[in-house]
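What's in data_21.cif: mmCIF, C-alpha atoms
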data_query
#
loop_
_atom_site.label_atom_id
_atom_site.label_comp_id
_atom_site.auth_asym_id
_atom_site.auth_seq_id
_atom_site.Cartn_x
_atom_site.Cartn_y
_atom_site.Cartn_z
CA MET T 1 46.83 -49.13 -44.80
CA SER T 2 50.58 -49.18 -44.21
CA GLU T 3 52.29 -51.69 -41.94
CA GLN T 4 53.50 -48.78 -39.78
CA ALA T 5 49.90 -47.62 -39.20
CA ILE T 6 48.78 -51.11 -38.18
CA PHE T 7 51.71 -51.94 -35.93
CA LYS T 8 53.02 -49.27 -33.59
CA LYS T 9 55.26 -50.16 -30.67
CA VAL T 10 54.25 -48.86 -27.25
CA THR T 11 56.87 -47.83 -24.72
CA LEU T 12 56.58 -47.28 -20.99
CA SER T 13 56.82 -43.55 -21.69
CA ASP T 14 53.77 -43.86 -23.94
CA ILE T 15 51.88 -45.56 -21.12
CA THR T 16 52.88 -42.84 -18.67
CA ALA T 17 51.68 -40.15 -21.08
CA ARG T 18 48.40 -42.00 -21.59
CA ALA T 19 47.91 -42.28 -17.83
CA THR T 20 48.34 -38.51 -17.57
CA ARG T 21 45.82 -37.87 -20.35
CA ASN T 22 43.29 -40.18 -18.71
CA GLU T 23 43.68 -38.38 -15.38
CA GLN T 24 43.05 -35.07 -17.12
CA VAL T 25 39.90 -36.38 -18.81
CA GLN T 26 38.78 -37.96 -15.53
CA ALA T 27 39.11 -34.58 -13.82
CA ARG T 28 37.02 -32.91 -16.56
CA VAL T 29 34.37 -35.63 -16.24
CA ARG T 30 34.19 -34.99 -12.51
CA GLU T 31 33.79 -31.24 -13.12
CA VAL T 32 30.87 -31.86 -15.49
CA VAL T 33 29.14 -34.54 -13.42
CA LEU T 34 29.56 -32.76 -10.09
CA ALA T 35 29.18 -29.18 -11.32
CA PRO T 36 29.12 -26.49 -10.08
CA LYS T 37 31.05 -27.29 -6.87
CA ASN T 38 33.12 -30.28 -8.07
CA LYS T 39 31.92 -32.05 -4.94
CA LYS T 40 29.17 -34.60 -4.43
CA PRO T 41 26.13 -32.98 -2.79
CA SER T 42 24.35 -34.64 0.09
CA PRO T 43 20.84 -35.73 -1.00
CA ARG T 44 17.58 -34.40 0.39
CA PHE T 45 14.55 -36.46 1.36
CA GLY T 46 10.79 -36.08 1.20
CA THR T 47 7.89 -36.95 3.48
CA ALA T 48 7.56 -40.46 2.02
CA ASP T 49 11.21 -41.21 2.87
CA VAL T 50 10.81 -40.14 6.50
CA MET T 51 7.57 -42.09 6.92
CA SER T 52 9.01 -45.23 5.31
CA ILE T 53 12.25 -45.33 7.31
CA CYS T 54 10.66 -44.32 10.62
CA GLY T 55 7.48 -46.40 10.19
CA LEU T 56 5.17 -43.42 10.73
CA THR T 57 1.67 -42.60 9.59
CA THR T 58 0.89 -39.23 8.05
CA GLY T 59 -0.90 -38.17 11.24
CA THR T 60 1.99 -39.08 13.52
CA LEU T 61 4.47 -37.34 11.23
CA ARG T 62 2.42 -34.14 11.25
CA SER T 63 2.02 -34.32 15.00
CA LEU T 64 5.76 -34.64 15.58
CA ILE T 65 6.47 -31.76 13.20
CA ALA T 66 3.90 -29.57 14.98
CA SER T 67 5.38 -30.43 18.40
CA GLY T 68 8.80 -29.14 17.36
CA GLU T 69 10.43 -32.23 18.90
CA LEU T 70 12.14 -33.17 15.64
CA PRO T 71 13.44 -31.21 12.64
CA GLY T 72 10.51 -29.90 10.61
CA GLY T 73 12.35 -29.85 7.32
CA GLU T 74 12.04 -27.12 4.74
CA LEU T 75 9.12 -26.31 2.49
CA VAL T 76 10.16 -26.29 -1.17
CA GLY T 77 7.01 -25.27 -2.97
CA ALA T 78 4.35 -27.74 -1.86
CA ARG T 79 6.94 -30.36 -0.90
CA ARG T 80 8.61 -30.69 2.50
CA GLU T 81 12.26 -31.74 2.39
CA TRP T 82 14.73 -32.88 5.02
CA SER T 83 18.51 -32.98 4.94
CA LEU T 84 20.29 -36.30 5.40
CA SER T 85 21.35 -35.41 8.94
CA ASP T 86 17.76 -34.44 9.81
CA LEU T 87 16.49 -37.75 8.40
CA GLN T 88 19.02 -39.58 10.59
CA THR T 89 17.81 -37.62 13.62
CA TRP T 90 14.26 -38.77 12.91
CA ALA T 91 15.41 -42.38 12.45
CA ARG T 92 17.29 -42.44 15.76
CA ALA T 93 14.43 -40.79 17.66
CA THR T 94 11.63 -42.99 16.33
CA ARG T 95 13.47 -46.35 16.22
CA PRO T 96 15.38 -46.51 19.53
CA ASP T 97 15.43 -50.32 19.62
CA ALA T 98 17.02 -50.65 16.17
CA PHE T 99 20.54 -49.61 17.16
CA ARG T 100 23.70 -51.21 18.46
CA PRO T 101 23.23 -52.10 22.13
CA GLU T 102 25.77 -50.89 24.66
CA GLY T 103 28.67 -53.33 24.85
CA ALA T 104 28.11 -54.80 21.39
CA ASP T 105 30.66 -54.36 18.60
CA ALA T 106 30.19 -53.13 15.05
CA ILE T 107 29.06 -55.86 12.68
CA VAL T 108 31.44 -56.35 9.76
CA LEU T 109 29.63 -57.06 6.49
CA THR T 110 31.82 -58.01 3.53
CA VAL T 111 30.48 -57.83 -0.03
CA ALA T 112 32.38 -60.29 -2.20
CA ASN T 113 32.38 -62.09 -5.52
CA PHE T 114 35.43 -63.30 -7.42
CA LYS T 115 33.89 -62.14 -10.74
CA GLY T 116 33.65 -58.54 -11.90
CA GLY T 117 30.59 -56.84 -13.35
CA VAL T 118 28.14 -58.19 -10.76
CA SER T 119 27.24 -54.83 -9.08
CA LYS T 120 29.36 -55.70 -6.06
CA THR T 121 30.58 -52.16 -5.42
CA THR T 122 27.22 -50.54 -6.09
CA THR T 123 25.64 -52.99 -3.64
CA ALA T 124 28.25 -52.29 -0.97
CA VAL T 125 27.99 -48.51 -1.23
CA SER T 126 24.18 -48.53 -1.46
CA LEU T 127 24.01 -50.67 1.68
CA ALA T 128 26.36 -48.30 3.48
CA GLN T 129 24.20 -45.33 2.50
CA GLY T 130 20.92 -47.13 3.24
CA LEU T 131 22.02 -48.14 6.73
CA SER T 132 23.28 -44.64 7.50
CA MET T 133 19.93 -43.19 6.37
CA ARG T 134 18.38 -45.38 9.06
CA GLY T 135 20.57 -43.70 11.66
CA HIS T 136 23.47 -46.11 11.91
CA LYS T 137 27.07 -44.92 12.00
CA VAL T 138 28.75 -46.73 9.09
CA LEU T 139 32.35 -47.24 7.98
CA LEU T 140 32.96 -48.24 4.35
CA ILE T 141 36.31 -49.92 3.62
CA ASP T 142 37.40 -50.06 -0.02
CA LEU T 143 39.81 -52.96 -0.60
CA ASP T 144 39.78 -52.78 -4.40
CA PRO T 145 42.81 -51.00 -5.95
CA GLN T 146 40.47 -49.71 -8.67
CA GLY T 147 38.90 -47.48 -6.00
CA SER T 148 35.35 -47.64 -7.37
CA ALA T 149 33.71 -47.60 -3.94
CA SER T 150 35.86 -44.60 -3.01
CA THR T 151 34.69 -42.83 -6.17
CA LEU T 152 31.04 -43.49 -5.32
CA ALA T 153 31.77 -42.16 -1.83
CA GLY T 154 33.08 -38.92 -3.32
CA LEU T 155 36.84 -39.46 -3.69
CA LEU T 156 38.64 -40.19 -6.95
CA PRO T 157 41.64 -42.55 -6.61
CA VAL T 158 44.02 -39.69 -7.56
CA GLU T 159 42.81 -37.83 -4.46
CA VAL T 160 43.64 -40.77 -2.20
CA SER T 161 47.01 -40.96 -0.46
CA TYR T 162 48.74 -44.15 0.63
CA ASP T 163 47.92 -43.48 4.29
CA MET T 164 44.19 -43.17 3.52
CA THR T 165 44.11 -46.85 2.46
CA VAL T 166 44.56 -50.12 4.34
CA ALA T 167 48.03 -50.51 2.79
CA PRO T 168 49.84 -49.44 6.02
CA ILE T 169 48.04 -52.31 7.78
CA PHE T 170 49.24 -54.79 5.21
CA ASP T 171 52.84 -53.54 5.01
CA GLY T 172 53.12 -53.62 8.82
CA SER T 173 53.68 -49.88 9.38
CA ASN T 174 50.40 -49.53 11.28
CA ASP T 175 48.38 -51.92 13.41
CA SER T 176 45.13 -49.92 13.55
CA ILE T 177 42.92 -48.70 10.74
CA GLU T 178 41.80 -45.66 12.73
CA SER T 179 44.25 -43.16 11.22
CA SER T 180 43.14 -44.06 7.67
CA ILE T 181 39.49 -43.10 8.23
CA VAL T 182 38.12 -39.96 6.54
CA GLU T 183 34.65 -38.42 6.54
CA THR T 184 32.60 -38.27 3.34
CA TYR T 185 29.99 -35.94 1.86
CA TRP T 186 27.38 -38.38 3.20
CA SER T 187 26.58 -37.67 6.87
CA GLY T 188 27.17 -40.71 9.07
CA LEU T 189 29.29 -42.52 6.46
CA SER T 190 33.06 -42.67 6.94
CA LEU T 191 35.55 -44.16 4.50
CA VAL T 192 38.85 -45.98 4.27
CA ALA T 193 39.65 -45.35 0.63
CA ALA T 194 41.60 -47.23 -2.04
CA ASN T 195 43.80 -46.54 -5.03
CA ALA T 196 46.31 -48.43 -7.17
CA GLN T 197 48.92 -48.42 -4.39
CA LEU T 198 46.78 -50.94 -2.55
CA SER T 199 47.81 -53.61 -5.06
CA GLY T 200 51.12 -53.73 -3.17
CA ALA T 201 49.31 -55.78 -0.53
CA GLU T 202 49.75 -58.81 -2.78
CA PHE T 203 53.50 -58.48 -2.17
CA TYR T 204 53.59 -57.17 1.41
CA LEU T 205 51.50 -59.89 3.00
CA PRO T 206 53.29 -62.98 1.61
CA ALA T 207 56.66 -61.31 2.29
CA ARG T 208 55.72 -60.76 5.92
CA GLN T 209 54.46 -64.33 6.17
CA LYS T 210 57.77 -65.63 4.81
CA ALA T 211 59.81 -63.48 7.21
CA ASP T 212 57.63 -64.41 10.20
CA PRO T 213 56.00 -67.88 10.00
CA GLY T 214 53.84 -66.95 12.99
CA PHE T 215 52.27 -64.00 11.14
CA GLU T 216 48.65 -64.72 10.17
CA PHE T 217 48.41 -62.70 6.97
CA TRP T 218 44.72 -63.46 6.60
CA ARG T 219 43.90 -61.69 9.90
CA ALA T 220 45.83 -58.45 9.42
CA LEU T 221 42.67 -56.44 8.69
CA ASP T 222 40.64 -58.25 11.35
CA TYR T 223 43.12 -57.25 14.07
CA ALA T 224 43.35 -53.68 12.71
CA LEU T 225 39.59 -53.24 13.22
CA ASP T 226 39.73 -54.00 16.96
CA PRO T 227 40.36 -50.39 18.12
CA ILE T 228 37.28 -49.05 16.27
CA ARG T 229 34.68 -51.76 16.79
CA GLN T 230 32.69 -49.60 19.19
CA GLN T 231 33.06 -46.38 17.20
CA PHE T 232 30.75 -47.65 14.44
CA ASP T 233 27.56 -49.68 14.19
CA VAL T 234 28.34 -51.36 10.88
CA ILE T 235 31.56 -51.80 8.90
CA ILE T 236 31.04 -52.63 5.22
CA ILE T 237 33.95 -53.98 3.18
CA ASP T 238 34.05 -53.89 -0.62
CA THR T 239 36.51 -56.47 -1.95
CA PRO T 240 38.35 -56.87 -5.29
CA PRO T 241 36.82 -59.24 -7.88
CA SER T 242 39.46 -61.91 -7.28
CA LEU T 243 40.68 -64.42 -4.72
CA SER T 244 43.56 -62.26 -3.53
CA TYR T 245 45.34 -61.76 -0.21
CA THR T 246 43.28 -58.59 0.14
CA THR T 247 39.97 -60.37 -0.51
CA ILE T 248 40.84 -63.12 1.97
CA ASN T 249 41.48 -60.44 4.62
CA GLY T 250 38.07 -58.93 3.89
CA LEU T 251 36.33 -62.30 4.19
CA ILE T 252 38.13 -63.40 7.37
CA ALA T 253 37.34 -60.04 9.02
CA ALA T 254 33.64 -60.47 8.26
CA ASP T 255 30.81 -61.34 10.61
CA GLY T 256 28.57 -61.77 7.60
CA VAL T 257 29.08 -61.98 3.83
CA LEU T 258 26.85 -60.89 0.97
CA MET T 259 27.55 -62.21 -2.53
CA PRO T 260 25.88 -60.27 -5.36
CA CYS T 261 25.40 -62.38 -8.48
CA PRO T 262 23.44 -61.79 -11.72
CA PRO T 263 21.19 -64.65 -12.89
CA SER T 264 23.23 -65.55 -15.98
CA ALA T 265 24.78 -68.89 -16.84
CA LEU T 266 28.34 -67.53 -16.76
CA ASP T 267 27.81 -65.82 -13.41
CA TYR T 268 26.24 -68.93 -11.92
CA ASN T 269 29.21 -71.05 -13.03
CA SER T 270 31.56 -68.42 -11.59
CA SER T 271 29.70 -68.56 -8.28
CA CYS T 272 30.27 -72.32 -8.16
CA GLU T 273 34.00 -71.68 -8.48
CA PHE T 274 33.71 -69.08 -5.71
CA TRP T 275 32.53 -71.72 -3.24
CA LYS T 276 35.14 -74.25 -4.31
CA LEU T 277 38.09 -71.84 -4.19
CA LEU T 278 37.00 -70.31 -0.90
CA SER T 279 36.50 -73.75 0.63
CA ASP T 280 39.96 -74.93 -0.49
CA PHE T 281 41.68 -71.76 0.68
CA ALA T 282 39.91 -71.53 4.02
CA GLY T 283 40.59 -75.20 4.64
CA THR T 284 44.29 -74.56 4.20
CA LEU T 285 44.26 -71.52 6.50
CA TYR T 286 42.47 -73.31 9.31
CA GLU T 287 43.98 -76.75 8.77
CA ASN T 288 45.60 -76.86 12.22
CA ALA T 289 43.30 -74.42 14.01
CA THR T 290 41.40 -75.45 17.11
CA LYS T 291 38.41 -73.35 15.98
CA GLU T 292 37.46 -72.64 12.38
CA LYS T 293 36.11 -69.35 11.06
CA GLU T 294 32.37 -68.82 11.59
CA PHE T 295 30.03 -66.34 9.91
CA TYR T 296 26.69 -65.22 11.28
CA PHE T 297 25.35 -65.34 7.73
CA PHE T 298 26.58 -65.88 4.17
CA ASP T 299 23.91 -64.75 1.69
CA ILE T 300 23.42 -64.39 -2.05
CA VAL T 301 21.46 -61.55 -3.67
CA LEU T 302 20.56 -61.64 -7.35
CA THR T 303 21.63 -58.43 -9.08
CA ARG T 304 21.27 -56.91 -12.54
CA VAL T 305 18.12 -58.96 -12.97
CA ASP T 306 16.44 -58.51 -16.36
CA ASN T 307 13.24 -60.53 -16.51
CA LYS T 308 12.92 -59.85 -20.22
CA VAL T 309 15.91 -62.14 -20.84
CA SER T 310 14.59 -65.65 -21.48
CA SER T 311 17.29 -67.44 -19.47
CA THR T 312 16.76 -65.41 -16.28
CA SER T 313 14.04 -67.63 -14.83
CA LEU T 314 16.02 -70.79 -15.63
CA VAL T 315 19.23 -69.59 -13.97
CA ARG T 316 17.22 -68.31 -10.99
CA GLU T 317 16.05 -71.89 -10.51
CA TRP T 318 19.66 -73.10 -10.56
CA PHE T 319 20.47 -70.69 -7.74
CA LYS T 320 17.42 -71.84 -5.79
CA ALA T 321 18.31 -75.51 -6.25
CA ALA T 322 21.88 -75.06 -5.03
CA ASN T 323 21.54 -72.17 -2.59
CA GLY T 324 17.85 -71.71 -1.83
CA ASP T 325 18.53 -71.54 1.91
CA ILE T 326 20.80 -68.49 1.55
CA LEU T 327 19.25 -66.82 -1.51
CA LEU T 328 17.65 -63.57 -0.38
CA PRO T 329 14.03 -62.89 -1.40
CA VAL T 330 15.05 -59.47 -2.77
CA GLU T 331 16.33 -58.97 -6.33
CA ILE T 332 18.15 -55.91 -7.67
CA LEU T 333 16.69 -55.15 -11.08
CA GLU T 334 18.65 -53.87 -14.05
CA THR T 335 17.02 -50.47 -14.56
CA ALA T 336 17.71 -47.26 -16.41
CA ALA T 337 17.70 -45.50 -13.05
CA SER T 338 20.63 -47.51 -11.71
CA LYS T 339 22.59 -47.04 -14.95
CA ASN T 340 22.01 -43.28 -14.87
CA SER T 341 23.16 -43.12 -11.25
CA SER T 342 26.41 -44.90 -12.07
CA ALA T 343 27.06 -42.53 -14.97
CA GLU T 344 26.76 -39.65 -12.49
CA LEU T 345 29.27 -41.26 -10.08
CA GLY T 346 26.57 -42.19 -7.58
CA THR T 347 24.00 -44.74 -6.45
CA ILE T 348 20.22 -44.67 -6.58
CA TYR T 349 20.28 -42.92 -3.21
CA ASP T 350 22.29 -40.07 -4.74
CA ALA T 351 19.93 -39.69 -7.68
CA ALA T 352 17.36 -36.93 -7.82
CA LYS T 353 13.91 -38.38 -8.35
CA THR T 354 13.14 -35.57 -10.79
CA SER T 355 15.98 -36.70 -13.09
CA MET T 356 14.07 -39.78 -14.28
CA SER T 357 10.56 -41.19 -14.40
CA SER T 358 8.99 -41.70 -11.00
CA ARG T 359 8.18 -45.33 -11.74
CA THR T 360 11.73 -46.17 -12.82
CA TYR T 361 13.22 -44.46 -9.79
CA ASP T 362 10.80 -46.09 -7.34
CA ARG T 363 11.46 -49.60 -8.70
CA ALA T 364 15.22 -49.19 -8.37
CA LYS T 365 15.10 -47.61 -4.94
CA LEU T 366 12.58 -50.09 -3.52
CA ALA T 367 14.92 -53.03 -4.15
CA TYR T 368 17.80 -51.38 -2.26
CA ASP T 369 15.43 -50.29 0.52
CA GLN T 370 14.30 -53.90 0.94
CA LEU T 371 17.88 -55.21 0.86
CA THR T 372 18.93 -52.65 3.47
CA GLU T 373 16.03 -53.63 5.72
CA LEU T 374 16.92 -57.32 5.42
CA MET T 375 20.57 -56.66 6.26
CA GLU T 376 19.60 -54.41 9.17
CA ASN T 377 17.49 -57.22 10.65
CA LYS T 378 20.38 -59.66 10.35
CA ILE T 379 22.77 -57.13 11.93
CA GLN T 380 20.40 -56.66 14.87
CA HIS T 381 20.32 -60.42 15.44
CA CYS T 382 24.13 -60.45 15.38
CA TRP T 383 24.27 -57.80 18.12
CA HIS T 384 21.90 -59.75 20.31
CA ASP T 385 23.92 -62.93 19.76
CA GLN T 386 27.09 -61.06 20.73
CA LEU T 387 25.52 -59.94 24.01
CA ARG T 388 24.17 -63.43 24.71
CA ALA T 389 27.63 -64.92 24.16
CA MET T 390 29.18 -62.31 26.46
CA GLY T 391 26.64 -63.14 29.12
CA GLU T 392 27.46 -66.84 28.90
CA LYS T 393 31.18 -66.12 29.40
CA LYS T 394 30.58 -64.24 32.64
#
Rewritten as structure tokens:
Amino acid sequence: MSEQAIFKKVTLSDITARATRNEQVQARVREVVLAPKNKKPSPRFGTADVMSICGLTTGTLRSLIASGELPGGELVGARREWSLSDLQTWARATRPDAFRPEGADAIVLTVANFKGGVSKTTTAVSLAQGLSMRGHKVLLIDLDPQGSASTLAGLLPVEVSYDMTVAPIFDGSNDSIESSIVETYWSGLSLVAANAQLSGAEFYLPARQKADPGFEFWRALDYALDPIRQQFDVIIIDTPPSLSYTTINGLIAADGVLMPCPPSALDYNSSCEFWKLLSDFAGTLYENATKEKEFYFFDIVLTRVDNKVSSTSLVREWFKAANGDILLPVEILETAASKNSSAELGTIYDAAKTSMSSRTYDRAKLAYDQLTELMENKIQHCWHDQLRAMGEKK
């Protein structure tokens, strides 16, 4: 092989051309995956889904359908199916005590880990979908310039404009996130999207801090959420896999934090660094503060769990020894179903049960159902604590 074939210089023009080619291929991938409409379809749900979410017996379900009080769904062969909006109607009607009380604010749940490849984005989007299926009005905020959460929510980064991101909050041109919110294909789930332009936040925020020593860069997003806190029940933030200015904003805005982490030695060691770096950084931010930042909860969920790997049980014990008090009892398994969903630009909640074996699908979905239920319970406790605190101030 000639030296010229081995060593070829790359110019910025070459990179620009390659970026264009990748966008073209990305568009073709989208056309194939989302054919024939080039748009993500809203899923449909069966009798088991309605009964599980609403806590109904077969008899009660049939009675409510017969009464005509709630949407009866559509018969597809021998199977009865409901649309997502109809499922949400059932959830709100049959679980009236599960929702945000009057006067309480949306609970902000940030999903964070400084390491990539831990299913952080999939967890964030699945939680957003799972909570909306239960009738909650959810806002998903994508803080990662890669825009993966936006893609799972139906928007490719090339379809996202600067004003659809949180960038105007960080550059100081807007003080509310409200104008950046768009609706998605998923009923009840709104989105503040992300694309590569969001990486500019790493320059805007320190520059503003330098120009104005009184500017609290770490609270820019927190303040921008104030106008919408009673428009949503839950706000879920997906952060970049790094300790960046953007990630810090996502963490400081949070009422609760969920850290997904696979049970591998490298991921465990990375999680140890997460705690150390976050502790050092937060200590600096609140060094002279009269009140430090408090979270209602800060939990770990094991993800991408493969029990066939010999080291899994050992590393699980490490997590229990160090963080047993905040390690959730639910584990997200590494399954073919979850891999197939990602390949189709979706989550397990987007997947059609008929596209894979029933057992594989049920195992994958059950884990996210259980995680959603756990998070919903914590969110409900947060609402009640908010109201109690408001009552004490009066």
- Please provide the set of residues having any atom within 8 Å of Thr360 (chain T), restricted to all atoms listed in the file, with same-chain residues fewer than 4 positions apart removed, written as a PyMOL selection string. chain T and resi 335-337+356+364
- To verify the selection step, state as a PyMOL selection string which residues the PyMOL selection byres ((chain T and resi 264-278) around 7) yields on this input. chain T and resi 114-115+261-263+279-282+312+315
- For each of T:Val111, T:Leu225, T:Val118, T:Ile348, take the minimum atom-to-atom distance to Thr247 (chain T), counting all atoms listed in the file, then give the residue where this is smallest. T:Val111
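Compared by their closest atoms to Pro206 (chain T), and using all atoms listed in the file, the residues T:Gln370, T:Thr246, T:Gln231, T:Thr239 rank with T:Thr246 nearest.
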Per residue of region 87-137 of chain T within 12 Å of region 287-303 of chain T, note the shortest atom pair and the distance in Å to one decimal, counting all atoms listed in the file, and order the rows by chain and increasing residue number, as a tab-separated table.
residue	atom	partner	partner_atom	distance
T:Ile107	CA	T:Tyr296	CA	9.8
T:Val108	CA	T:Phe295	CA	10.1
T:Leu109	CA	T:Phe297	CA	9.4
T:Thr110	CA	T:Phe298	CA	9.5
T:Val111	CA	T:Asp299	CA	9.7
T:Ala112	CA	T:Ile300	CA	9.9
T:Asn113	CA	T:Ile300	CA	9.9
T:Gly117	CA	T:Thr303	CA	10.1
T:Val118	CA	T:Thr303	CA	6.7
T:Ser119	CA	T:Thr303	CA	6.7
T:Lys120	CA	T:Thr303	CA	8.7
T:Thr121	CA	T:Thr303	CA	11.5
T:Thr122	CA	T:Thr303	CA	10.1
T:Thr123	CA	T:Thr303	CA	8.7
T:Ala124	CA	T:Val301	CA	11.8
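Going from CA of Ala193 (chain T) to CA of Gly250 (chain T) covers 14.1 Å.
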Counting all atoms listed in the file, which residues of region 219-239 of chain T sit at most 9 Å from some atom of region 162-169 of chain T, and what is each one's closest atom pair with its distance in Å to one decimal, listed by chain and rising residue number, as a tab-separated table?
residue	atom	partner	partner_atom	distance
T:Ala220	CA	T:Ile169	CA	6.7
T:Leu221	CA	T:Ile169	CA	6.8
T:Ala224	CA	T:Ile169	CA	6.9
